[in-house]
2 protein chains.
Amino acid sequence: MRGILYGVGVGPGDCKMLTLQAVEVLKMADVIAVPDTKGEKTAMKVVEEYIKDKEVVYCPMPMTRDSDLLEKSHGISCNLIEEQLLKGKNVAFITLGDPTIYSTYMNIQRIMDEKGYITRTIPGVTSFCASAGALNISLCDRGEALHIIPASYGETEELLDLKGTKVLMKSGKSLADIKVALKRKGLYQYSRMVECCGMENQRVYKSLDEVSDDSSYFSIIIVKDK
Amino acid sequence: MRGILYGVGVGPGDCKMLTLQAVEVLKMADVIAVPDTKGEKTAMKVVEEYIKDKEVVYCPMPMTRDSDLLEKSHGISCNLIEEQLLKGKNVAFITLGDPTIYSTYMNIQRIMDEKGYITRTIPGVTSFCASAGALNISLCDRGEALHIIPASYGETEELLDLKGTKVLMKSGKSLADIKVALKRKGLYQYSRMVECCGMENQRVYKSLDEVSDDSSYFSIIIVKDK
């Protein structure tokens with residue numbers, strides 16, 4: 001019998017934010033698949049207590065926007081995972097945060113679905129919820145909309161005009177530009193940031209004045225309405 | 001010494017989606033505070049294993065949009081909680097999903113913060129992530145934005161024009177209108193729904209054709225880009 005592929009959201013980086021279901025699946029799985037990216041070590045650290053002595057498969061996930069290169073590496077990852085599933089082994093692919101939010105896993109899952117394998121998604125706590133929690137502020141209330149914006153892909157500036165709360169994800173590299181845009185829109189003083197949320201080096205900034213322009217890739221800016 | 005107030009996200013309704021941290025706080029707390037609303041029984045059911053024999057405080061939370069009435073009931077809830085904190089008891093206020101996403105808890109937390117109490121937010125899995133997980137689809141990938149829209153407050157139709165994935169929250173009562181709007185925008189065939197996500201009566205709809213217009217308050221529609 002073929003194994004099942006699980007995409008396991010491990011939360012933002014604090015092992016206490018794992019769900020009971022994630023722990024159950026990690027303990028049950030025969031093989032742990034890990035995306036070979038910047039987040040890899042963090043994700044592995046979150047789950048290390050539950051995967052001792054388990055086989056680990058590293059899936060190549062280059063940090064690139066080149067579609068051909070991405071497709072090729074997804075193909076390689078899927079072949080590595082397929083090899084395990086065909087042996088009847090259950091595979092848990094770990095991913096930071098939640099698998100449905102900016103995770104490479106969903107590309108893998110789509111391909112494996114098409115190949116006829118059984119796949120399951122195990123939800124996790126998102127970094128933006130955990131960041132708002134660390135700041136002790138609400139993301140959205142009553143009739144307010146919430147906009148999650150990948151801030152390193154352009155178009156951020158026009159989306160800042162939307163009513164409701166704006167969350168700027170992975171804003172690290174673009175931080176200087178984002179600060180300028182927020183000032184231009186009169187939103188700077190309504191903006192807060194969390195760096196490396198849930199990780200050992202988490203930092204919470206109640207004002208962007210305290211933030212240096214070379215902050216981490218794992219930076220989340222929350223912009224409340226005026 | 002005064003107690004601490006914890007806002008505990010218990011996830012969408014499946015007790016397996018509780019985080020380890022949520023379980024820890026629930027076990028440690030002296031008093032469980034519960035919003036007295038439609039979600040109450042579900043939230044209580046999720047945590048029942050961990051709160052046996054604990055004191056429970058019911059906080060009045062009328063399902064209304066009347067600001068005065070809401071403010072008054074928040075005041076009553078805060079007084080009930082304050083009474084416990086002054087006795088040195090730690091209070092865990094349970095809330096479905098994540099506390100920072102459309103939760104009444106954040107109103108309580110803001111007031112208790114202003115009163116000088118220590119408050120902590122314990123993140124949870126959101127219903128929209130769990131719904132996408134149940135559908136086995138991605139919410140956002142690479143440069144895609146994600147828009148969370150409270151669908152029963154108007155303005156839904158114009159927000160449907162935004163690029164990226166749209167999540168229509170609590171769309172139960174407005175379902176007939178939403179279907180019409182989605183058809184008009186040519187988005188109907190890109191829409192899926194999950195009803196009562198994570199609960200015993202969860203239903204997953206890969207097409208809105210299967211959905212009756214009198215579906216639950218806990219209905220989440222996910223609209224992918226064309």
# chains A, B, ... in the order shown; residues from 1 in each chain; ligands from 1

call {"tool": "residues_around", "arguments": {"residues": "A:Val10", "least_positions_apart": "5", "cutoff": "12 Å", "atoms": "only C-alpha atoms", "output": "ChimeraX atom specification"}}
result
/A:15-26,34,39-40,42-48,50,92-99,103,121-127,198 /B:17,19-20,125

call {"tool": "write_last_selection", "arguments": {"atoms": "C-alpha atoms", "output": "JSON list (two decimals), in the first residue's frame"}}
result
[["chain", "number", "residue", "atom", "x", "y", "z"],
["A", 15, "CYS", "CA", 7.70, 24.59, 19.26],
["A", 16, "LYS", "CA", 4.90, 25.41, 21.70],
["A", 17, "MET", "CA", 2.88, 26.70, 18.75],
["A", 18, "LEU", "CA", 2.73, 23.23, 17.18],
["A", 19, "THR", "CA", -0.77, 21.80, 17.20],
["A", 20, "LEU", "CA", -1.62, 18.46, 18.80],
["A", 21, "GLN", "CA", -2.47, 17.18, 15.31],
["A", 22, "ALA", "CA", 0.93, 18.24, 13.93],
["A", 23, "VAL", "CA", 2.68, 16.43, 16.79],
["A", 24, "GLU", "CA", 0.57, 13.32, 16.15],
["A", 25, "VAL", "CA", 1.39, 13.29, 12.44],
["A", 26, "LEU", "CA", 5.10, 13.91, 13.03],
["A", 34, "VAL", "CA", 12.24, 19.30, 4.65],
["A", 39, "GLY", "CA", 13.63, 28.36, 6.83],
["A", 40, "GLU", "CA", 14.86, 24.78, 6.92],
["A", 42, "THR", "CA", 14.07, 26.77, 11.94],
["A", 43, "ALA", "CA", 11.42, 24.25, 10.87],
["A", 44, "MET", "CA", 13.68, 21.33, 11.84],
["A", 45, "LYS", "CA", 14.36, 22.89, 15.23],
["A", 46, "VAL", "CA", 10.63, 23.28, 15.92],
["A", 47, "VAL", "CA", 9.99, 19.58, 15.36],
["A", 48, "GLU", "CA", 13.27, 18.02, 16.51],
["A", 50, "TYR", "CA", 9.32, 14.47, 17.64],
["A", 92, "ALA", "CA", 5.46, 14.51, 6.66],
["A", 93, "PHE", "CA", 6.63, 17.57, 4.75],
["A", 94, "ILE", "CA", 7.28, 20.28, 7.34],
["A", 95, "THR", "CA", 6.63, 23.92, 6.57],
["A", 96, "LEU", "CA", 6.87, 27.06, 8.76],
["A", 97, "GLY", "CA", 3.56, 28.73, 9.61],
["A", 98, "ASP", "CA", 0.55, 27.30, 7.78],
["A", 99, "PRO", "CA", 0.87, 25.21, 4.59],
["A", 103, "SER", "CA", 4.39, 27.75, 1.33],
["A", 121, "THR", "CA", -2.96, 19.38, 4.89],
["A", 122, "ILE", "CA", -2.29, 19.90, 8.61],
["A", 123, "PRO", "CA", -2.95, 23.57, 9.46],
["A", 124, "GLY", "CA", -0.59, 25.66, 11.55],
["A", 125, "VAL", "CA", -0.45, 29.04, 13.30],
["A", 126, "THR", "CA", 0.48, 31.78, 10.81],
["A", 127, "SER", "CA", 3.35, 34.17, 11.49],
["A", 198, "GLY", "CA", 8.28, 32.87, 17.59],
["B", 17, "MET", "CA", -5.95, 21.87, 16.31],
["B", 19, "THR", "CA", -1.56, 24.26, 20.14],
["B", 20, "LEU", "CA", 0.68, 22.83, 22.87],
["B", 125, "VAL", "CA", -5.18, 28.19, 13.90]]

call {"tool": "select_by_dssp", "arguments": {"residues": "stretch 5-123 of chain A", "states": "strand (DSSP E or B)", "output": "count of residues only"}}
result
30

call {"tool": "residues_around", "arguments": {"residues": "B:Ile220", "least_positions_apart": "3", "cutoff": "12 Å", "atoms": "only C-alpha atoms", "output": "MDAnalysis selection string"}}
result
chainID B and resid 12 126:132 134:135 148:152 166:175 178 191:198 202:205 208 211 215:217 223

call {"tool": "residues_around", "arguments": {"residues": "stretch 55-72 of chain B", "least_positions_apart": "3", "cutoff": "8 Å", "atoms": "only C-alpha atoms", "output": "compact mmCIF listing (two decimals) with N, CA and C atoms, in the first residue's frame"}}
result
# COMPACT_ATOMS: atom_id res chain seq x y z
N ASP B 30 -6.62 29.20 36.43
CA ASP B 30 -7.53 28.91 37.54
C ASP B 30 -8.98 29.04 37.11
N VAL B 31 -9.19 29.98 36.19
CA VAL B 31 -10.56 30.30 35.76
C VAL B 31 -10.61 30.33 34.23
N ILE B 32 -11.69 29.77 33.67
CA ILE B 32 -11.90 29.83 32.22
C ILE B 32 -13.00 30.86 31.95
N ALA B 33 -12.70 31.85 31.11
CA ALA B 33 -13.73 32.81 30.72
C ALA B 33 -14.21 32.45 29.32
N VAL B 34 -15.53 32.48 29.14
CA VAL B 34 -16.13 32.03 27.89
C VAL B 34 -17.06 33.12 27.36
N PRO B 35 -16.89 33.51 26.10
CA PRO B 35 -17.84 34.47 25.54
C PRO B 35 -19.19 33.79 25.36
N ASP B 36 -20.21 34.43 25.85
CA ASP B 36 -21.56 33.86 25.85
C ASP B 36 -22.23 34.17 24.50
N THR B 37 -21.78 33.46 23.44
CA THR B 37 -22.31 33.69 22.09
C THR B 37 -22.58 32.36 21.41
N GLY B 75 -17.83 45.99 29.24
CA GLY B 75 -17.59 46.49 30.60
C GLY B 75 -17.97 45.45 31.65
N ILE B 76 -19.13 44.82 31.46
CA ILE B 76 -19.58 43.78 32.41
C ILE B 76 -18.58 42.61 32.42
N SER B 77 -18.16 42.18 31.23
CA SER B 77 -17.21 41.06 31.14
C SER B 77 -15.91 41.41 31.84
N LEU B 80 -16.23 41.14 35.57
CA LEU B 80 -16.24 39.74 36.01
C LEU B 80 -14.82 39.17 36.02
N ILE B 81 -14.06 39.51 34.99
CA ILE B 81 -12.69 39.00 34.89
C ILE B 81 -11.80 39.66 35.95
N THR B 104 -13.96 38.86 19.86
CA THR B 104 -14.38 39.83 20.88
C THR B 104 -13.32 39.97 21.95

call {"tool": "closest_residue", "arguments": {"among": "A:Gly133, A:Gly164, A:Gly143, A:Gly88", "to": "A:Lys224", "atoms": "only C-alpha atoms"}}
result
A:Gly164

call {"tool": "closest_residue", "arguments": {"among": "B:Leu86, B:Arg142, B:Met199, B:Gly186", "to": "B:Gly11", "atoms": "only C-alpha atoms"}}
result
B:Met199
